[in-house]
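Trainee: Coordinates in input30.txt, compact mmCIF, C-alpha atoms, are listed below.
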```txt
# COMPACT_ATOMS: atom_id res chain seq x y z
CA MET A 1 10.83 -15.95 11.16
CA THR A 2 8.11 -15.55 8.52
CA GLN A 3 9.41 -16.18 5.02
CA ARG A 4 7.70 -14.40 2.14
CA THR A 5 8.19 -13.61 -1.51
CA THR A 6 9.32 -10.05 -2.19
CA LEU A 7 6.54 -8.12 -3.93
CA PHE A 8 6.96 -5.64 -6.77
CA GLY A 9 4.30 -3.19 -7.87
CA PHE A 10 3.67 -0.16 -10.04
CA ALA A 11 1.53 2.95 -9.56
CA PRO A 12 0.52 4.58 -12.87
CA GLY A 13 -1.54 7.50 -11.50
CA THR A 14 -5.23 8.24 -11.05
CA GLU A 15 -6.14 11.09 -13.43
CA THR A 16 -9.58 10.70 -15.02
CA ALA A 17 -8.20 12.10 -18.29
CA ARG A 18 -5.81 9.11 -18.45
CA ALA A 19 -8.32 6.41 -17.56
CA ALA A 20 -7.77 4.24 -20.63
CA GLU A 21 -3.98 4.52 -20.31
CA ILE A 22 -4.10 3.55 -16.63
CA VAL A 23 -6.02 0.38 -17.41
CA ARG A 24 -3.62 -0.40 -20.28
CA LEU A 25 -0.66 0.04 -17.93
CA GLY A 26 -2.30 -2.29 -15.44
CA VAL A 27 -2.57 -4.94 -18.16
CA GLN A 28 1.08 -4.33 -19.14
CA ALA A 29 2.16 -4.68 -15.51
CA ASP A 30 0.25 -7.95 -15.23
CA ARG A 31 1.76 -9.37 -18.41
CA SER A 32 5.22 -8.33 -17.22
CA GLY A 33 4.84 -10.41 -14.06
CA LEU A 34 4.46 -7.68 -11.45
CA ASP A 35 2.66 -8.51 -8.22
CA LEU A 36 0.76 -5.31 -7.43
CA PHE A 37 -1.22 -2.61 -9.23
CA SER A 38 -1.43 0.38 -6.90
CA THR A 39 -3.83 3.33 -6.94
CA SER A 40 -4.41 6.13 -4.45
CA ASP A 41 -7.77 7.01 -2.88
CA HIS A 42 -8.75 10.67 -2.84
CA PRO A 43 -12.50 10.76 -3.61
CA TYR A 44 -12.82 14.49 -2.91
CA TYR A 45 -10.85 15.34 -6.09
CA GLY A 46 -13.06 15.38 -9.17
CA GLN A 47 -10.25 14.82 -11.64
CA ARG A 48 -9.06 11.60 -10.00
CA LEU A 49 -10.50 8.16 -10.51
CA ASP A 50 -12.29 6.41 -7.67
CA ALA A 51 -9.90 3.83 -6.23
CA TYR A 52 -12.25 0.87 -5.98
CA SER A 53 -13.85 1.46 -9.39
CA THR A 54 -10.34 1.53 -10.85
CA LEU A 55 -9.29 -1.64 -9.06
CA GLY A 56 -12.39 -3.47 -10.24
CA PHE A 57 -11.78 -2.46 -13.84
CA VAL A 58 -8.09 -3.39 -13.79
CA LEU A 59 -8.64 -6.68 -11.98
CA GLY A 60 -11.30 -7.57 -14.52
CA ALA A 61 -8.81 -6.99 -17.36
CA THR A 62 -5.95 -8.99 -15.78
CA SER A 63 -5.31 -12.48 -14.48
CA GLY A 64 -2.35 -12.47 -12.09
CA ILE A 65 -1.69 -9.07 -10.57
CA ALA A 66 -3.25 -8.00 -7.26
CA GLY A 67 -4.91 -4.64 -6.66
CA LEU A 68 -4.08 -2.27 -3.81
CA ALA A 69 -5.66 1.03 -2.76
CA ASN A 70 -2.61 2.84 -1.45
CA VAL A 71 -4.21 3.64 0.93
CA THR A 72 -8.00 3.58 1.36
CA ASN A 73 -9.35 6.85 2.71
CA LEU A 74 -11.23 5.31 5.62
CA PRO A 75 -13.19 8.42 6.71
CA SER A 76 -15.00 8.45 3.35
CA ARG A 77 -15.83 4.70 3.38
CA PRO A 78 -17.86 3.16 6.25
CA ALA A 79 -16.10 0.03 7.45
CA PRO A 80 -18.93 -2.46 6.73
CA VAL A 81 -19.29 -1.13 3.17
CA LEU A 82 -15.51 -1.25 2.72
CA ALA A 83 -15.55 -4.87 3.90
CA ARG A 84 -18.15 -5.74 1.27
CA ALA A 85 -16.20 -3.96 -1.47
CA VAL A 86 -12.97 -5.76 -0.64
CA THR A 87 -14.47 -9.21 -0.21
CA SER A 88 -16.44 -8.79 -3.44
CA LEU A 89 -13.29 -7.86 -5.35
CA SER A 90 -11.58 -10.86 -3.77
CA ALA A 91 -14.37 -13.19 -4.93
CA LEU A 92 -14.46 -11.68 -8.42
CA SER A 93 -10.67 -11.76 -8.91
CA GLY A 94 -9.78 -15.03 -7.23
CA GLY A 95 -8.26 -13.36 -4.19
CA ARG A 96 -6.21 -10.72 -6.00
CA ILE A 97 -6.82 -7.86 -3.60
CA VAL A 98 -4.92 -6.28 -0.71
CA LEU A 99 -6.68 -3.84 1.60
CA GLY A 100 -4.49 -0.82 2.12
CA ILE A 101 -6.07 1.42 4.75
CA GLY A 102 -5.27 4.70 6.45
CA ALA A 103 -6.79 6.73 9.24
CA GLY A 104 -7.14 9.83 7.04
CA GLY A 105 -4.92 12.82 6.56
CA PHE A 106 -6.48 15.44 4.28
CA TRP A 107 -9.08 16.50 6.79
CA ASP A 108 -10.10 19.78 5.13
CA GLU A 109 -10.92 17.90 1.93
CA ILE A 110 -12.57 15.05 3.81
CA GLU A 111 -14.79 17.54 5.63
CA ARG A 112 -15.68 19.33 2.38
CA PHE A 113 -16.64 15.92 1.01
CA GLY A 114 -19.31 15.70 3.71
CA ARG A 115 -17.58 13.43 6.19
CA PRO A 116 -17.01 14.48 9.81
CA ARG A 117 -13.60 15.61 10.91
CA LEU A 118 -12.09 13.27 13.47
CA GLY A 119 -9.50 14.13 16.06
CA PRO A 120 -6.23 12.19 16.07
CA GLY A 121 -7.37 9.78 18.78
CA GLN A 122 -10.74 9.23 17.11
CA ALA A 123 -9.10 8.55 13.75
CA VAL A 124 -6.83 5.89 15.23
CA ARG A 125 -9.75 4.24 17.03
CA ALA A 126 -11.70 4.27 13.76
CA LEU A 127 -8.77 2.60 12.00
CA GLN A 128 -8.56 -0.14 14.63
CA GLU A 129 -12.31 -0.66 14.54
CA ALA A 130 -12.39 -0.84 10.74
CA ILE A 131 -9.73 -3.56 10.66
CA THR A 132 -11.77 -5.50 13.22
CA VAL A 133 -14.97 -5.12 11.17
CA VAL A 134 -13.33 -6.15 7.89
CA ARG A 135 -11.89 -9.26 9.49
CA ALA A 136 -15.25 -10.08 11.09
CA LEU A 137 -17.13 -9.72 7.79
CA SER A 138 -14.79 -12.01 5.83
CA GLY A 139 -13.71 -15.62 6.16
CA GLY A 140 -17.23 -17.05 6.52
CA GLY A 141 -18.81 -18.20 9.75
CA GLU A 142 -21.80 -17.21 11.82
CA PRO A 143 -23.60 -13.86 11.51
CA VAL A 144 -21.76 -11.00 13.18
CA THR A 145 -23.04 -8.49 15.70
CA PHE A 146 -20.67 -5.67 16.57
CA GLN A 147 -21.25 -2.54 18.60
CA GLY A 148 -18.46 -0.06 18.06
CA GLU A 149 -17.81 3.63 18.35
CA PHE A 150 -18.10 4.17 14.59
CA SER A 151 -19.90 1.07 13.26
CA THR A 152 -22.81 -0.96 14.54
CA ILE A 153 -23.87 -4.13 12.74
CA ARG A 154 -26.42 -6.74 13.81
CA GLU A 155 -26.58 -10.31 12.61
CA ILE A 156 -24.68 -9.61 9.37
CA GLU A 157 -23.45 -12.63 7.43
CA PRO A 158 -19.71 -12.59 6.67
CA ALA A 159 -18.55 -13.12 3.11
CA ASP A 160 -17.41 -16.69 2.55
CA VAL A 161 -14.04 -15.64 1.12
CA PRO A 162 -10.65 -15.60 2.83
CA THR A 163 -9.83 -12.54 4.90
CA PRO A 164 -7.71 -10.23 2.72
CA GLN A 165 -4.25 -9.06 3.60
CA ILE A 166 -4.54 -5.71 5.43
CA TRP A 167 -1.75 -3.14 5.16
CA THR A 168 -1.82 0.25 6.85
CA GLY A 169 -0.31 3.58 5.94
CA SER A 170 0.24 4.47 9.59
CA LEU A 171 2.28 7.52 10.61
CA GLY A 172 1.74 8.40 14.26
CA GLU A 173 2.73 6.42 17.32
CA ARG A 174 -0.81 5.23 18.11
CA SER A 175 -1.61 4.14 14.57
CA LEU A 176 1.76 2.40 14.30
CA ALA A 177 0.78 0.44 17.40
CA VAL A 178 -2.49 -0.58 15.71
CA THR A 179 -0.42 -1.79 12.77
CA GLY A 180 1.75 -3.92 15.01
CA ARG A 181 -1.24 -5.43 16.81
CA LEU A 182 -3.58 -6.05 13.89
CA ALA A 183 -2.16 -5.54 10.39
CA ASP A 184 -0.37 -7.83 7.96
CA GLY A 185 1.73 -5.07 6.44
CA TRP A 186 2.85 -1.47 6.74
CA ILE A 187 3.48 1.12 4.02
CA PRO A 188 5.68 3.86 5.55
CA GLY A 189 4.20 7.30 4.94
CA HIS A 190 5.58 10.05 2.73
CA ALA A 191 7.48 7.51 0.59
CA SER A 192 9.95 6.98 3.43
CA ASP A 193 12.50 4.30 2.58
CA TRP A 194 14.67 1.93 4.61
CA VAL A 195 17.37 4.45 5.48
CA SER A 196 15.03 7.32 6.35
CA ARG A 197 14.74 8.64 9.87
CA ARG A 198 10.96 8.21 9.73
CA TYR A 199 11.28 4.49 8.98
CA LEU A 200 14.10 3.88 11.46
CA ASP A 201 12.15 5.60 14.24
CA SER A 202 8.76 4.08 13.35
CA ARG A 203 9.45 0.43 12.65
CA PRO A 204 10.52 -0.33 16.25
CA LEU A 205 7.11 0.95 17.41
CA VAL A 206 5.39 -1.52 15.07
CA ASP A 207 7.64 -4.33 16.29
CA ARG A 208 7.07 -3.52 19.95
CA ALA A 209 3.29 -3.45 19.57
CA ALA A 210 3.37 -6.75 17.67
CA ALA A 211 5.46 -8.41 20.36
CA GLU A 212 3.21 -7.08 23.13
CA ALA A 213 0.24 -8.59 21.26
CA GLY A 214 1.98 -11.97 21.18
CA ARG A 215 2.88 -11.76 17.50
CA ASP A 216 6.17 -12.29 15.72
CA PRO A 217 7.05 -8.77 14.46
CA SER A 218 8.22 -10.29 11.18
CA GLU A 219 4.56 -11.14 10.47
CA VAL A 220 4.09 -7.43 9.68
CA ALA A 221 5.65 -6.86 6.25
CA THR A 222 7.09 -3.50 5.24
CA VAL A 223 6.24 -2.52 1.67
CA PHE A 224 7.79 0.72 0.44
CA ASN A 225 6.35 3.29 -1.92
CA LEU A 226 9.38 4.14 -4.02
CA PRO A 227 9.46 7.17 -6.33
CA GLY A 228 12.45 7.58 -8.59
CA ARG A 229 13.76 7.56 -12.13
CA ILE A 230 15.51 4.76 -13.95
CA THR A 231 18.31 6.33 -15.98
CA SER A 232 20.30 5.07 -18.92
CA ALA A 233 23.63 5.95 -17.28
CA ALA A 234 24.71 5.60 -13.67
CA LEU A 235 24.23 8.65 -11.46
CA ASP A 236 27.02 10.05 -9.32
CA ARG A 237 24.57 10.22 -6.41
CA THR A 238 21.44 8.10 -6.03
CA ARG A 239 20.13 10.10 -3.06
CA ASP A 240 19.43 13.80 -2.64
CA PRO A 241 21.08 15.94 0.09
CA ASP A 242 18.31 14.91 2.50
CA GLY A 243 19.07 11.25 1.91
CA ARG A 244 15.97 10.50 -0.17
CA TRP A 245 16.32 7.97 -2.99
CA ILE A 246 16.10 9.64 -6.42
CA GLY A 247 16.99 6.70 -8.66
CA GLY A 248 19.83 5.73 -10.96
CA SER A 249 20.75 3.16 -13.56
CA VAL A 250 19.25 -0.31 -13.66
CA ARG A 251 22.35 -1.66 -11.92
CA GLN A 252 22.11 0.96 -9.17
CA TRP A 253 18.44 0.15 -8.61
CA VAL A 254 19.18 -3.57 -8.48
CA GLU A 255 21.98 -3.16 -5.96
CA GLU A 256 19.90 -0.84 -3.78
CA LEU A 257 16.77 -3.01 -3.73
CA THR A 258 18.68 -6.23 -3.18
CA GLY A 259 20.34 -4.64 -0.16
CA ALA A 260 17.01 -3.31 1.08
CA VAL A 261 15.62 -6.85 1.20
CA LEU A 262 18.67 -8.68 2.52
CA GLU A 263 19.94 -6.05 4.95
CA HIS A 264 16.82 -4.14 5.96
CA GLY A 265 14.01 -6.68 5.66
CA ALA A 266 12.02 -4.94 2.93
CA ALA A 267 9.10 -7.11 1.81
CA GLY A 268 8.13 -5.18 -1.30
CA PHE A 269 8.40 -2.06 -3.44
CA ILE A 270 5.82 -0.04 -5.36
CA HIS A 271 7.47 2.08 -8.02
CA PHE A 272 6.29 5.59 -8.91
CA ALA A 273 8.07 6.88 -12.01
CA THR A 274 9.31 10.48 -11.66
CA ASP A 275 11.26 11.13 -14.85
CA GLY A 276 8.31 12.71 -16.68
CA GLY A 277 8.67 10.40 -19.67
CA PRO A 278 6.16 7.89 -21.08
CA LEU A 279 4.92 5.63 -18.32
CA ASP A 280 4.92 2.54 -20.50
CA VAL A 281 8.67 3.00 -20.96
CA ALA A 282 9.23 3.49 -17.23
CA LEU A 283 7.08 0.46 -16.47
CA GLY A 284 9.00 -1.59 -19.01
CA ARG A 285 12.36 -0.76 -17.47
CA TRP A 286 11.07 -1.45 -13.98
CA ALA A 287 9.24 -4.69 -14.75
CA GLU A 288 11.55 -6.13 -17.38
CA GLU A 289 15.00 -4.98 -16.24
CA VAL A 290 15.08 -4.02 -12.57
CA VAL A 291 12.62 -6.49 -11.05
CA PRO A 292 13.91 -9.69 -12.73
CA ALA A 293 17.49 -8.86 -11.73
CA VAL A 294 16.51 -8.25 -8.10
CA ARG A 295 14.53 -11.48 -8.04
CA GLU A 296 17.52 -13.33 -9.45
CA ASN A 297 19.83 -11.87 -6.79
CA LEU A 298 17.40 -12.84 -4.03
CA ALA A 299 17.04 -16.38 -5.38
CA LYS A 300 20.84 -16.78 -5.14
CA ALA A 301 21.09 -15.30 -1.65
```
Written as structure tokens, that's how I'd like the structure from this file.
Mentor:
Amino acid sequence: MTQRTTLFGFAPGTETARAAEIVRLGVQADRSGLDLFSTSDHPYYGQRLDAYSTLGFVLGATSGIAGLANVTNLPSRPAPVLARAVTSLSALSGGRIVLGIGAGGFWDEIERFGRPRLGPGQAVRALQEAITVVRALSGGGEPVTFQGEFSTIREIEPADVPTPQIWTGSLGERSLAVTGRLADGWIPGHASDWVSRRYLDSRPLVDRAAAEAGRDPSEVATVFNLPGRITSAALDRTRDPDGRWIGGSVRQWVEELTGAVLEHGAAGFIHFATDGGPLDVALGRWAEEVVPAVRENLAKA
């Protein structure tokens, strides 16, 4: 069984009008001891910051936190160029980068952005190929030649930096199988948590593909995107009628997340504040009240 430290992250948003605040929140998250700064990747929206520009800026202003594009919009970023971006950020930050990657979902917007629309099977094959290319172009070694369906490279020197962790945002059966075979982590789509039907139905597909590839399924971490509000008083119900987590008091969060790790194998959580209040306050409660208490519980377990 692979043992790992539980990761805690924060996602402050991507609006261009809030650029300075987003960087400031990244610095606050770093100083508060969080593990991950998360940003989404939707380059077809003019009022959102580019994911990799944002990560570079935040990593340059911090010293401990890792950056994550949650998740990279692969159809808009050719795999060899993505490999160079990620390995460069790794070299510049001392390894503080995780490659989150997805096959693509907003195909109308992607097509308007000038990238070809891929069918479901093509998109999954492109995802698998991109993971292969990124791994080939990192970790040093001899020049790489690769002839693929979507990328062709000839005698390209790999970056002499360690291969980054690669997490997918897979949804469908075929992309979940790619995750099990090739990825280091999985971020369940649509902010599905550990009691959701989507997670309960999907994780066995990841595990089966990992086992068929000769891997220990526990090598594939599950890191959850987790929206919710942290309230001053306990809530009567911490989940909505559909069973989705909505939040609660610090104590309710701590109990829920501790159970998610110990009982459901959660490897990490990325918090998205939903209470509409100041994000620095939400970040403070998450990083300075919830996270330390969960870490303390896990250390005692």
Trainee: Could you state the separation of CA of Ile246 in chain A and CA of Gly13 in chain A in Å, given to one decimal place?
Mentor: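 Atom-to-atom, CA of Ile246 in chain A to CA of Gly13 in chain A, that is 18.5 Å.
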Trainee: Please provide the set of residues having any atom within 6 Å of range 76-87 of chain A, restricted to only C-alpha atoms, with same-chain residues fewer than 2 positions apart removed, written as a list in words.
Mentor: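 Neighbouring residues, sequence-local ones excluded: Asn73, Leu74, Leu89, Ser90, Ala130 and Val134 of chain A.
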Trainee: Write the residues of the preceding selection, restricted to C-alpha atoms, as a PDB file, in the coordinates of the input.
Mentor:
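For reference, part-v4.pdb as written:
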```pdb
ATOM      1  CA  ASN A  73      -9.350   6.850   2.710  1.00  0.00           C
ATOM      2  CA  LEU A  74     -11.230   5.310   5.620  1.00  0.00           C
ATOM      3  CA  LEU A  89     -13.290  -7.860  -5.350  1.00  0.00           C
ATOM      4  CA  SER A  90     -11.580 -10.860  -3.770  1.00  0.00           C
ATOM      5  CA  ALA A 130     -12.390  -0.840  10.740  1.00  0.00           C
ATOM      6  CA  VAL A 134     -13.330  -6.150   7.890  1.00  0.00           C
TER       7      VAL A 134
END
```
Trainee: Got a sec: who's within 7 Å of range 21-35 of chain A, counting all atoms listed in the file, leaving out chain neighbours fewer than 2 positions off, as a list in words?
Mentor: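 Selected residues are Leu7, Phe8, Gly9, Pro12, Gly13, Arg18, Ala19, Phe37, Val58, Ala61, Thr62, Gly64, Ile65, Ala66, Asp280, Ala287 and Glu288 of chain A.
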Trainee: Separation of CA of Ala123 in chain A and CA of Trp194 in chain A, in Å?
Mentor: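 According to the coordinates, CA of Ala123 in chain A and CA of Trp194 in chain A are separated by 26.3 Å.
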Trainee: Do you have the CA of Trp186 in chain A-CA of Ala273 in chain A distance handy?
Mentor: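 Rounded to one decimal, the two atoms are 21.2 Å apart.
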Trainee: Excluding Glu173 in chain A and residues on its chain fewer than 2 positions from it, collect all residues at most 10 Å away from it, counting all atoms listed in the file, and give them as a list of chain:residue names.
Mentor: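 Counting all atoms listed in the file, the residues come to A:Val124, A:Ser170, A:Leu171, A:Ser175, A:Leu176, A:Ala177, A:Val178, A:Thr179, A:Asp201, A:Ser202, A:Leu205, A:Val206.
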Trainee: Could you tell me which of A:Arg96, A:Arg295, A:His264, A:Arg229 comes closest to Leu55 in chain A if we count only C-alpha atoms?
Mentor: A:Arg96
Trainee: Counting only C-alpha atoms, which of A:Thr231, A:Thr238, A:Asn70, A:Gln165 gets nearest to Glu289 in chain A?
Mentor: A:Thr231
Trainee: For Arg198 in chain A, which residue among A:His271, A:Leu92, A:Arg244, A:Glu109 is the nearest when counting all atoms listed in the file?
Mentor: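 Under the stated criterion, the closest residue is A:Arg244.
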Trainee: A:Leu279, A:Val220, A:Ala103, A:Val294: which is nearest Arg208 in chain A, counting all atoms listed in the file?
Mentor: A:Val220
Trainee: Point out the residue among A:Leu137, A:Tyr44, A:Leu59, A:Lys300 with the least atom-to-atom distance to Glu111 in chain A, counting only C-alpha atoms.
Mentor: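 Smallest separation from Glu111 in chain A among the options: A:Tyr44.
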Trainee: Name all residues at most 7 Å from Thr14 in chain A (count all atoms listed in the file; drop same-chain ones fewer than 6 positions away) and give them as a PyMOL selection string.
Mentor: chain A and resi 39-40+48-49
Trainee: Name the residues in contact with Glu296 in chain A at a cut-off of 12 Å, using only C-alpha atoms, excluding same-chain residues fewer than 5 positions from it; report them as a PyMOL selection string.
Mentor: chain A and resi 6+254-255+257-258+289-291+301
Trainee: Between A:Ile230, A:Ala293, A:Val250, A:Val144, which is the closest to Val281 in chain A once you count only C-alpha atoms?
Mentor: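 Ranking A:Ile230, A:Ala293, A:Val250, A:Val144 by distance to Val281 in chain A, first place goes to A:Ile230.
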